[in-house]
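Chemist: Below is the structure I would like to discuss, written out as structure tokens.
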Amino acid sequence: MHPQLPAQRDLLLVGGGHSHVSVIKQFGMRPLPGVRVSLLCEDTLAPYSGMLPGWIAGHYGEADCFIDLRRLCQWAGCRLLQGRAVRLDPEARLVYCDDRPATRYDWLALNVGSTPQLSAIAGASASGVPVKPIRPFQRALEQWLAGVDALPAAPVLAIVGGGAASVELALAVRHRLGRRRARIVLLSASVAVLPTHNRRVRRYFEQRLAAEGIEFQGGQRVVAAGDGALRCEDGREQAADFIVWALQAGPPRWLESSGLELDEGGFIAVNRQLQSTSHPTVFGAGDCIDLDARPLPKSGVYAVRQGPVLADNLRRSISGRPLRSYRPQRRFLSLLATGDRQAVASRGRLFAAGPWVWRWKDHIDRRFMARFSFADAPPEGSGGAADAAAPQPRCGGCGAKVGGDVLARVLARLPAEGATGSAGFEDAALFEPPPGRQIVQTIDHFRAFIDDPYLFGAIAANHCLGDIYAMGAEPLSALALANVPFSHPRIAEDTLLQLMLGALATLTTAGTRLLGGHTSEAAELAFGLTVNGAVAPGTALAKGGLQPGQCLILTKRLGTGTLLAAHMRHQCRARWLDQALQHMLVSNAAAAATLRRWGATGCTDVTGFGLLGHLVEMLQASGLAADLELAALPLLDGTEDCLSRGILSTLHPSNLAYAQALAGHCSTLERPRERALFDPQTAGGLLAGIPPRHLDACLRSLQQAGYPAVCIGRTHTGHPAGRVQLR
């Protein structure tokens with residue numbers, strides 16, 4: 001029996017803006033029993049707008065001004081689903097994405113921001129880059145800055161817009177450029193710079209822009225862009241090598257067909273309770289909304305203040321209690337950066353400037369960011385929610401199966417090209433092996449390491465296919481074993497569907513059919529596959545096929561074990577885990593075919609026993625020894641950092657038993673690269689022996705196929721078999 005409170009209702013947050021990070025924190029501190037909270041967002045790092053000018057200028061690093069959403073969600077017990085929302089069906093209560101299955105909700109909150117409106121400017125979308133979303137803008141700006149010195153003449157950076165964001169950006173880029181040649185031109189439809197601020201603030205920035213050599217061209221409404229130039233309404237043209245759009249903010253285009261009531265500008269219409277005026281279970285905050293009682297400027301200040309009210313009203317709405325009103329401040333203090341470590345304070349008639357204002361602004365900004373820097377432990381009291389109710393105990397045995405009605409609905413919704421379909425699912429699978437080929441069969445199963453069931457299903461399936469590819473075989477069919485957390489049947493159905501769609505995405509790409517499987521309720525999500533493959537007799541790549549003098553090739557980087565361990569301890573940076581997850585999605589199919597083409601005679605996939613464990617298995621089976629180049633090991637970002645801090649997978653100590661195979665090695669095995677030898681890998685790469693004459697061509701082919709393959713050592717006839725010498 002498992003006396004846990006099942007999830008009964010889904011709260012879905014779309015967008016990782018300022019308001020939602022507050023909601024996630026509040027629900028992490030005080031969970032609502034039976035409510036599963038999920039965040040759907042495209043990027044796992046959320047920028048804090050107040051610090052972005054300082055980041056562009058070079059005063060802050062990424063960790064200073066980006067909230068790590070993975071660590072925040074993990075701390076708060078919130079699922080993080082990575083994807084880009086493109087459509088909403090409020091009647092079916094579904095949010096659709098362009099790169100993952102639709103996500104269902106019972107309550108929905110939208111904090112999806114805004115982006116500069118470019119529709120009125122001909123050619124704008126194909127010329128230049130808008131300041132939002134931040135990530136694409138950052139990449140484009142960094143690329144342009146890196147190439148400034150290589151241009152024969154002084155390039156022109158044109159920033160279109162005259163508001164605070166435009167001015168702060170121009171001054172930040174000027175500071176970042178230093179003495180490097182470049183013209184910065186600021187074009188604004190307004191005659192004056194910063195038209196919403198007082199006269200002293202405007203005069204200060206006019207002088208500041210002039211002193212920095214930034215050209216302000218007021219009263220210039222841009223109507224077209226292209227061929228390295230901007231054309232204004234009066235016919236005047238301005239040359240531009242790089243264009244930045246910092247115009248009036250507009251809503252995401254997909255809101256137009258969302259079915260929600262919108263204002264004239266296309267923003268979500270909400271009442272004083274931040275609740276959609278047309279759909280009571282939908283809430284909104286930040287730049288994407290329009291408050292029906294009082295339209296607000298698009299500023300992060302309002303989004304930050306809306307966060308606690310939004311969190312409280314979501315809790316109240318789910319609990320059936322009256323909602324509270326959000327009362328926006330009439331005026332707010334603006335602290336505007338000037339590129340260097342100075343700033344300007346502006347509020348009504350208030351004007352102040354100097355280094356002390358920067359220090360004040362820096363203190364406020366860092367204090368905000370500190371609210372989302374958490375210790376390793378989950379929030380106090382977060383585990384007590386299950387005691388607030390008395391759930392029905394969950395049975396074991398066959399009583400722990402997922403209900404037949406749930407299973408039938410999931411099977412009916414799976415794509416026919418990847419599975420046999422609900423009508424064809426029997427208690428056992430029948431299939432004909434290809435004529436003249438041997439059957440290869442393998443099985444693997446493990447608990448979830450990420451709370452996104454779709455992503456976990458895709459990675460787990462890829463991992464399970466690894467042994468088939470390592471033997472040079474072709475996968476044909478699979479049987480699934482899925483453990484779904486105790487929950488309401490509707491939520492269990494959604495979890496199982498997401499899991500199976502993720503697995504099918506991988507299996508379909510591999511040309512492998514899902515024949516059936518088994519489901520069960522459990523305390524946590526887990527998944528595995530039995531995979532059947534086929535290979536021509538006598539052509540399988542066995543572990544014992546290595547030959548003396550071969551080059552050992554590793555096709556993928558190491559480090560997933562320590563990075564996942566760091567993630568479980570709330571110590572893995574979002575970009576490290578993002579890279580590791582994408583790495584785990586890379587199939588070994590093309591790598592296996594390439595290795596065979598260039599004469600591989602022995603192969604295995606590097607998984608739970610770590611690189612050294614799997615290499616020792618190959619050497620012992622082949623009767624050989626090997627030299628291993630420690631410096632050549634390819635590592636994922638963050639691997640050395642985590643290993644140097646002693647963050648090890650729970651399987652790592654067991655894998656240390658393979659250290660006895662290391663010849664003449666007196667080290668304590670505490671250096672990061674030594675520890676990487678024992679790090680267990682999920683969906684790891686292939687390790688194979690290649691004739692030296694084919695080494696360069698094989699590596700070139702693998703790298704052209706997208707694998708970070710390297711040669712890490714050589715085999716030789718040594719004694720005893722299985723001995724490894726580190727170089």
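By convention in this document, the chains of the structure tokens carry letters A, B, ... by their order, each chain's residues are numbered from 1, and ligands are numbered from 1 in the order they are shown.
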Using only C-alpha atoms, tabulate the residues of range 259-296 of chain A lying at most 12 Å from any atom of range 12-30 of chain A, each with its closest atom pair and that distance in Å to one decimal, by chain and increasing residue number, as JSON lines.

Modeler:
{"residue": "A:Leu274", "atom": "CA", "partner": "A:Ser19", "partner_atom": "CA", "distance": 11.3}
{"residue": "A:Thr281", "atom": "CA", "partner": "A:Leu12", "partner_atom": "CA", "distance": 10.7}
{"residue": "A:Val282", "atom": "CA", "partner": "A:Leu12", "partner_atom": "CA", "distance": 9.7}
{"residue": "A:Phe283", "atom": "CA", "partner": "A:Leu13", "partner_atom": "CA", "distance": 9.4}
{"residue": "A:Gly284", "atom": "CA", "partner": "A:Ser19", "partner_atom": "CA", "distance": 9.1}
{"residue": "A:Ala285", "atom": "CA", "partner": "A:Ser19", "partner_atom": "CA", "distance": 6.4}
{"residue": "A:Gly286", "atom": "CA", "partner": "A:Ser19", "partner_atom": "CA", "distance": 6.6}
{"residue": "A:Asp287", "atom": "CA", "partner": "A:Gly17", "partner_atom": "CA", "distance": 9.2}
{"residue": "A:Cys288", "atom": "CA", "partner": "A:Gly17", "partner_atom": "CA", "distance": 10.3}
{"residue": "A:Ile289", "atom": "CA", "partner": "A:Ser19", "partner_atom": "CA", "distance": 11.9}

Chemist: Would you give me, as JSON lines, each residue of range 550-646 of chain A having an atom within 8 Å of an atom of range 40-48 of chain A, along with its shortest atom pair and that distance in Å to one decimal, using only C-alpha atoms and sorting by chain and residue number?

Modeler:
{"residue": "A:Ala574", "atom": "CA", "partner": "A:Thr44", "partner_atom": "CA", "distance": 6.1}
{"residue": "A:Arg575", "atom": "CA", "partner": "A:Thr44", "partner_atom": "CA", "distance": 7.6}
{"residue": "A:Asp578", "atom": "CA", "partner": "A:Thr44", "partner_atom": "CA", "distance": 7.9}

Chemist: Give me, please, the distance in Å between CA of Ala120 in chain A and CA of Ser299 in chain A, quoted to one decimal.

Modeler: 22.5 Å

Chemist: What are the DSSP strand (DSSP E or B) residues of range 190-408 of chain A, as a short mmCIF file (atom, residue, chain, number, x, y, z; two decimals) with N, CA, C and O atoms, in the first residue's frame?

Modeler:
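Wrote it out as selection_14.cif, contents follow:
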data_model
loop_
_atom_site.label_atom_id
_atom_site.label_comp_id
_atom_site.auth_asym_id
_atom_site.auth_seq_id
_atom_site.Cartn_x
_atom_site.Cartn_y
_atom_site.Cartn_z
N ILE A 214 26.87 58.89 -29.66
CA ILE A 214 25.68 58.18 -30.16
C ILE A 214 24.75 59.21 -30.80
O ILE A 214 24.36 60.19 -30.17
N GLU A 215 24.39 58.98 -32.05
CA GLU A 215 23.58 59.93 -32.80
C GLU A 215 22.09 59.67 -32.53
O GLU A 215 21.59 58.59 -32.82
N PHE A 216 21.41 60.66 -31.97
CA PHE A 216 19.97 60.55 -31.77
C PHE A 216 19.25 61.30 -32.88
O PHE A 216 19.45 62.50 -33.07
N GLN A 217 18.43 60.58 -33.64
CA GLN A 217 17.68 61.17 -34.74
C GLN A 217 16.19 61.09 -34.39
O GLN A 217 15.54 60.06 -34.60
N VAL A 222 10.50 55.06 -38.95
CA VAL A 222 11.02 54.09 -39.92
C VAL A 222 9.85 53.33 -40.54
O VAL A 222 8.96 52.84 -39.83
N VAL A 223 9.84 53.24 -41.88
CA VAL A 223 8.74 52.57 -42.58
C VAL A 223 9.20 51.36 -43.38
O VAL A 223 8.37 50.55 -43.81
N ALA A 224 10.51 51.21 -43.59
CA ALA A 224 11.00 50.07 -44.38
C ALA A 224 12.44 49.78 -44.01
O ALA A 224 13.18 50.66 -43.54
N ALA A 225 12.84 48.52 -44.23
CA ALA A 225 14.21 48.10 -43.95
C ALA A 225 14.64 47.08 -44.99
O ALA A 225 13.82 46.28 -45.46
N GLY A 226 15.92 47.11 -45.34
CA GLY A 226 16.44 46.15 -46.31
C GLY A 226 17.66 46.69 -47.01
O GLY A 226 17.88 47.90 -47.07
N ALA A 229 19.97 49.21 -45.09
CA ALA A 229 19.54 50.59 -44.85
C ALA A 229 18.13 50.61 -44.27
O ALA A 229 17.35 49.66 -44.44
N LEU A 230 17.82 51.71 -43.60
CA LEU A 230 16.49 51.99 -43.08
C LEU A 230 15.92 53.17 -43.85
O LEU A 230 16.64 54.14 -44.12
N ARG A 231 14.64 53.10 -44.22
CA ARG A 231 14.00 54.22 -44.90
C ARG A 231 12.93 54.81 -43.98
O ARG A 231 12.09 54.10 -43.44
N CYS A 232 13.00 56.13 -43.84
CA CYS A 232 12.07 56.83 -42.95
C CYS A 232 10.87 57.36 -43.73
O CYS A 232 10.87 57.40 -44.97
N GLU A 237 17.11 58.09 -45.81
CA GLU A 237 17.63 56.75 -45.59
C GLU A 237 18.81 56.80 -44.61
O GLU A 237 19.58 57.77 -44.60
N GLN A 238 18.93 55.75 -43.81
CA GLN A 238 20.04 55.62 -42.87
C GLN A 238 20.70 54.26 -43.09
O GLN A 238 20.07 53.21 -42.98
N ALA A 239 22.01 54.30 -43.42
CA ALA A 239 22.75 53.05 -43.59
C ALA A 239 22.81 52.31 -42.25
O ALA A 239 22.91 52.93 -41.19
N PHE A 242 23.82 46.63 -38.78
CA PHE A 242 23.12 45.77 -37.83
C PHE A 242 21.96 46.57 -37.25
O PHE A 242 22.15 47.68 -36.76
N ILE A 243 20.74 46.02 -37.34
CA ILE A 243 19.54 46.74 -36.91
C ILE A 243 18.95 46.05 -35.68
O ILE A 243 18.79 44.83 -35.66
N VAL A 244 18.62 46.84 -34.68
CA VAL A 244 17.95 46.35 -33.48
C VAL A 244 16.59 47.04 -33.39
O VAL A 244 16.51 48.27 -33.42
N TRP A 245 15.54 46.24 -33.25
CA TRP A 245 14.19 46.78 -33.13
C TRP A 245 13.80 46.83 -31.66
O TRP A 245 13.73 45.81 -30.99
N ALA A 249 5.86 47.54 -27.70
CA ALA A 249 5.66 46.11 -27.51
C ALA A 249 4.29 45.67 -28.01
O ALA A 249 3.30 46.37 -27.86
N GLY A 250 4.28 44.48 -28.62
CA GLY A 250 3.03 43.87 -29.05
C GLY A 250 2.91 42.47 -28.46
O GLY A 250 3.89 41.88 -28.00
N LEU A 262 -9.65 39.63 -26.01
CA LEU A 262 -8.46 40.47 -26.13
C LEU A 262 -8.87 41.93 -26.22
O LEU A 262 -10.02 42.26 -26.57
N ILE A 268 -4.29 40.13 -23.74
CA ILE A 268 -5.33 39.41 -23.01
C ILE A 268 -6.06 40.36 -22.08
O ILE A 268 -5.43 41.04 -21.25
N ALA A 269 -7.37 40.42 -22.20
CA ALA A 269 -8.17 41.28 -21.33
C ALA A 269 -8.38 40.58 -19.99
O ALA A 269 -8.91 39.47 -19.94
N VAL A 270 -7.92 41.21 -18.90
CA VAL A 270 -8.10 40.65 -17.56
C VAL A 270 -8.76 41.69 -16.66
O VAL A 270 -8.67 42.90 -16.91
N GLN A 275 -7.72 37.95 -13.87
CA GLN A 275 -8.48 36.83 -14.40
C GLN A 275 -9.03 37.20 -15.77
O GLN A 275 -9.52 38.32 -15.97
N SER A 276 -8.95 36.28 -16.73
CA SER A 276 -9.48 36.53 -18.06
C SER A 276 -10.95 36.94 -17.96
O SER A 276 -11.73 36.33 -17.22
N VAL A 282 -8.64 30.98 -16.54
CA VAL A 282 -7.42 31.49 -17.18
C VAL A 282 -7.05 32.82 -16.55
O VAL A 282 -7.89 33.71 -16.41
N PHE A 283 -5.78 32.96 -16.17
CA PHE A 283 -5.26 34.18 -15.57
C PHE A 283 -4.08 34.68 -16.40
O PHE A 283 -3.50 33.93 -17.21
N GLY A 284 -3.71 35.92 -16.22
CA GLY A 284 -2.59 36.48 -16.96
C GLY A 284 -1.87 37.54 -16.17
O GLY A 284 -2.41 38.12 -15.22
N ILE A 289 -0.84 41.18 -20.90
CA ILE A 289 -2.22 41.45 -20.50
C ILE A 289 -2.55 42.93 -20.64
O ILE A 289 -1.67 43.79 -20.76
N ASP A 290 -3.87 43.20 -20.62
CA ASP A 290 -4.37 44.56 -20.54
C ASP A 290 -5.39 44.59 -19.41
O ASP A 290 -6.39 43.86 -19.44
N LEU A 291 -5.12 45.39 -18.40
CA LEU A 291 -6.01 45.50 -17.25
C LEU A 291 -7.20 46.35 -17.65
O LEU A 291 -7.04 47.52 -18.00
N SER A 334 11.98 54.70 -11.81
CA SER A 334 12.81 54.14 -12.88
C SER A 334 14.27 54.39 -12.55
O SER A 334 14.66 55.53 -12.26
N LEU A 335 15.07 53.34 -12.59
CA LEU A 335 16.51 53.46 -12.41
C LEU A 335 17.15 53.04 -13.73
O LEU A 335 17.15 51.86 -14.09
N LEU A 336 17.65 54.02 -14.46
CA LEU A 336 18.13 53.81 -15.83
C LEU A 336 19.64 53.77 -15.88
O LEU A 336 20.32 54.72 -15.43
N ALA A 337 20.19 52.69 -16.43
CA ALA A 337 21.64 52.54 -16.52
C ALA A 337 22.19 53.41 -17.65
O ALA A 337 21.53 53.63 -18.67
N THR A 338 23.41 53.89 -17.47
CA THR A 338 24.03 54.78 -18.46
C THR A 338 25.24 54.15 -19.14
O THR A 338 26.09 54.86 -19.68
N ASP A 340 28.19 52.92 -18.28
CA ASP A 340 29.22 52.71 -17.27
C ASP A 340 28.52 52.43 -15.94
O ASP A 340 27.31 52.29 -15.89
N ARG A 341 29.25 52.36 -14.87
CA ARG A 341 28.66 52.04 -13.57
C ARG A 341 28.06 53.29 -12.94
O ARG A 341 28.41 53.69 -11.83
N GLN A 342 27.13 53.89 -13.68
CA GLN A 342 26.35 55.01 -13.18
C GLN A 342 24.90 54.79 -13.61
O GLN A 342 24.61 53.97 -14.49
N ALA A 343 23.99 55.51 -13.00
CA ALA A 343 22.58 55.36 -13.33
C ALA A 343 21.84 56.64 -13.00
O ALA A 343 22.37 57.55 -12.35
N VAL A 344 20.61 56.72 -13.49
CA VAL A 344 19.74 57.88 -13.28
C VAL A 344 18.46 57.41 -12.61
O VAL A 344 17.88 56.39 -13.00
N ALA A 345 18.01 58.15 -11.59
CA ALA A 345 16.74 57.88 -10.93
C ALA A 345 15.71 58.86 -11.46
O ALA A 345 15.94 60.07 -11.50
N SER A 346 14.53 58.32 -11.87
CA SER A 346 13.48 59.15 -12.44
C SER A 346 12.13 58.69 -11.91
O SER A 346 11.79 57.51 -12.01
N ARG A 347 11.37 59.65 -11.33
CA ARG A 347 10.01 59.36 -10.89
C ARG A 347 9.26 60.68 -10.77
O ARG A 347 9.59 61.50 -9.91
N LEU A 350 11.28 63.78 -9.99
CA LEU A 350 12.55 63.38 -9.37
C LEU A 350 13.61 63.13 -10.43
O LEU A 350 13.37 62.49 -11.44
N PHE A 351 14.80 63.68 -10.16
CA PHE A 351 15.96 63.40 -10.99
C PHE A 351 17.18 63.28 -10.08
O PHE A 351 17.42 64.14 -9.22
N ALA A 352 17.94 62.21 -10.26
CA ALA A 352 19.21 62.04 -9.56
C ALA A 352 20.10 61.19 -10.45
O ALA A 352 19.61 60.33 -11.19
N ALA A 353 21.40 61.44 -10.40
CA ALA A 353 22.32 60.70 -11.26
C ALA A 353 23.67 60.56 -10.58
O ALA A 353 24.04 61.37 -9.73
N GLY A 354 24.38 59.51 -10.97
CA GLY A 354 25.74 59.33 -10.46
C GLY A 354 26.03 57.90 -10.09
O GLY A 354 25.16 57.02 -10.16
N ARG A 394 -3.08 2.89 -2.10
CA ARG A 394 -2.89 2.33 -3.43
C ARG A 394 -2.44 0.88 -3.31
O ARG A 394 -1.56 0.55 -2.52
#

Chemist: What are the DSSP alpha helix (DSSP H) residues of range 169-370 of chain A, as a ChimeraX atom specification?

Modeler: /A:169-177,199-211,300-319,355-370

Chemist: When you count only C-alpha atoms, which of these residues is closest to Gly664 in chain A: A:Lys543, A:Arg727, A:His518, A:Arg176?

Modeler: A:Arg727

Chemist: Find the residues around Pro653 in chain A up to 12 Å (only C-alpha atoms counted), leave out those fewer than 4 positions away in its own chain, and share them as a list in words.

Modeler: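 Skipping anything fewer than 4 positions along the chain leaves Gly608, Phe609, Gly610, Gly646, Ile647, Leu648, Ser649, Ala657, Tyr658, Ala659, Leu669, Arg675, Leu677, Phe678, Asp679 and Pro680 of chain A.
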
Chemist: Store the residues of this selection in a file with C-alpha atoms, as a PDB file, in the first residue's frame.

Modeler:
ATOM      1  CA  GLY A 608      25.839   2.411 -16.460  1.00  0.00           C
ATOM      2  CA  PHE A 609      29.293   0.945 -15.818  1.00  0.00           C
ATOM      3  CA  GLY A 610      31.042   4.072 -17.087  1.00  0.00           C
ATOM      4  CA  GLY A 646      32.565  15.461  -5.357  1.00  0.00           C
ATOM      5  CA  ILE A 647      29.083  15.295  -6.891  1.00  0.00           C
ATOM      6  CA  LEU A 648      28.885  11.657  -7.895  1.00  0.00           C
ATOM      7  CA  SER A 649      26.159   9.352  -9.137  1.00  0.00           C
ATOM      8  CA  ALA A 657      35.770  -1.570  -8.611  1.00  0.00           C
ATOM      9  CA  TYR A 658      37.070  -1.284 -12.195  1.00  0.00           C
ATOM     10  CA  ALA A 659      39.988   0.823 -10.908  1.00  0.00           C
ATOM     11  CA  LEU A 669      41.429   8.973  -8.572  1.00  0.00           C
ATOM     12  CA  ARG A 675      36.493  10.428 -11.911  1.00  0.00           C
ATOM     13  CA  LEU A 677      36.123   7.212 -16.119  1.00  0.00           C
ATOM     14  CA  PHE A 678      33.615   5.833 -13.598  1.00  0.00           C
ATOM     15  CA  ASP A 679      30.685   8.151 -14.332  1.00  0.00           C
ATOM     16  CA  PRO A 680      27.592   6.155 -15.434  1.00  0.00           C
TER      17      PRO A 680
END

Chemist: Tell me which of A:Ile159, A:Ile443, A:Ala109, A:Ala240 sits closest to Asn313 in chain A, counting only C-alpha atoms.

Modeler: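 Closest to Asn313 in chain A of all the choices is A:Ala109.
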
Chemist: Find the spatial neighbours of Leu585 in chain A, counting only C-alpha atoms, within a cut-off of 8 Å - ignore same-chain residues fewer than 6 positions away - and output them as a PyMOL selection string.

Modeler: chain A and resi 458-459+462+683

Chemist: Take the residues just selected and output them with N, CA and C atoms as an mmCIF file, in the first residue's frame.

Modeler:
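Writing done, so here's part_26.cif:
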data_model
loop_
_atom_site.group_PDB
_atom_site.id
_atom_site.type_symbol
_atom_site.label_atom_id
_atom_site.label_comp_id
_atom_site.auth_asym_id
_atom_site.auth_seq_id
_atom_site.Cartn_x
_atom_site.Cartn_y
_atom_site.Cartn_z
ATOM 1 N N ALA A 458 11.336 10.112 -24.519
ATOM 2 C CA ALA A 458 12.186 10.153 -25.717
ATOM 3 C C ALA A 458 13.612 9.719 -25.397
ATOM 4 N N ILE A 459 14.149 10.194 -24.272
ATOM 5 C CA ILE A 459 15.524 9.839 -23.899
ATOM 6 C C ILE A 459 15.614 8.379 -23.479
ATOM 7 N N ASN A 462 15.664 6.162 -26.444
ATOM 8 C CA ASN A 462 16.953 6.255 -27.119
ATOM 9 C C ASN A 462 18.009 5.430 -26.390
ATOM 10 N N ALA A 683 22.018 7.052 -22.106
ATOM 11 C CA ALA A 683 22.045 7.259 -23.558
ATOM 12 C C ALA A 683 23.427 7.705 -24.010
#

Chemist: Residues within 12 Å of range 95-101 of chain A, please, as a VMD selection string. Count only C-alpha atoms; anything in the same chain fewer than 6 positions from it doesn't count.

Modeler: chain A and resid 12 to 15 39 to 42 81 to 89 107 to 110 254 to 255 258 to 259 282 413 to 415 452 to 455 457 to 458 494 to 505

Chemist: By how many Å are CA of Arg327 in chain A and CA of Asp68 in chain A apart?

Modeler: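 Separation between CA of Arg327 in chain A and CA of Asp68 in chain A: 29.0 Å.
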
Chemist: May I have the residues within 10 Å of range 150-155 of chain A as a list of chain:residue names, using only C-alpha atoms and disregarding those fewer than 3 positions away in the same chain?

Modeler: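 The contact residues come out as A:Trp144, A:Ala146, A:Gly147, A:Ala158, A:Arg180, A:Arg181, A:Ala182, A:Arg183, A:Ile184, A:Ala239, A:Ala240, A:Asp241, A:Phe242.
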
Chemist: Mind checking which residues fall within 7 Å of Ala478 in chain A, counting only C-alpha atoms, ignoring those fewer than 5 positions away in the same chain, and posting them as a list in words?

Modeler: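 Once the adjacent positions are removed, what remains is Thr512, Arg513, Leu514, Leu515, Leu529, Thr530, Val531 and Asn532 of chain A.
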
Chemist: With distances taken over only C-alpha atoms, which of A:Ala102, A:Leu525, A:Leu619, A:Leu310 is nearest to Asn271 in chain A?

Modeler: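 For Asn271 in chain A, the nearest of the candidates is A:Leu310.
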
Chemist: So which one's closest to Gly178 in chain A, A:Val484, A:Ala57, A:Leu726, A:Val191? Using only C-alpha atoms, please.

Modeler: A:Ala57

Chemist: Using only C-alpha atoms, find the one residue out of A:Arg645, A:Arg135, A:Arg693, A:His463 that sits nearest to Val586 in chain A.

Modeler: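 Ranked by minimum distance to Val586 in chain A, first place goes to A:His463.
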
Chemist: Between A:Val309, A:Ala246, A:Val156, A:Leu656, which has the minimum distance to Val185 in chain A (counting only C-alpha atoms)?

Modeler: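 That would be A:Val156, the residue with the smallest distance to Val185 in chain A.
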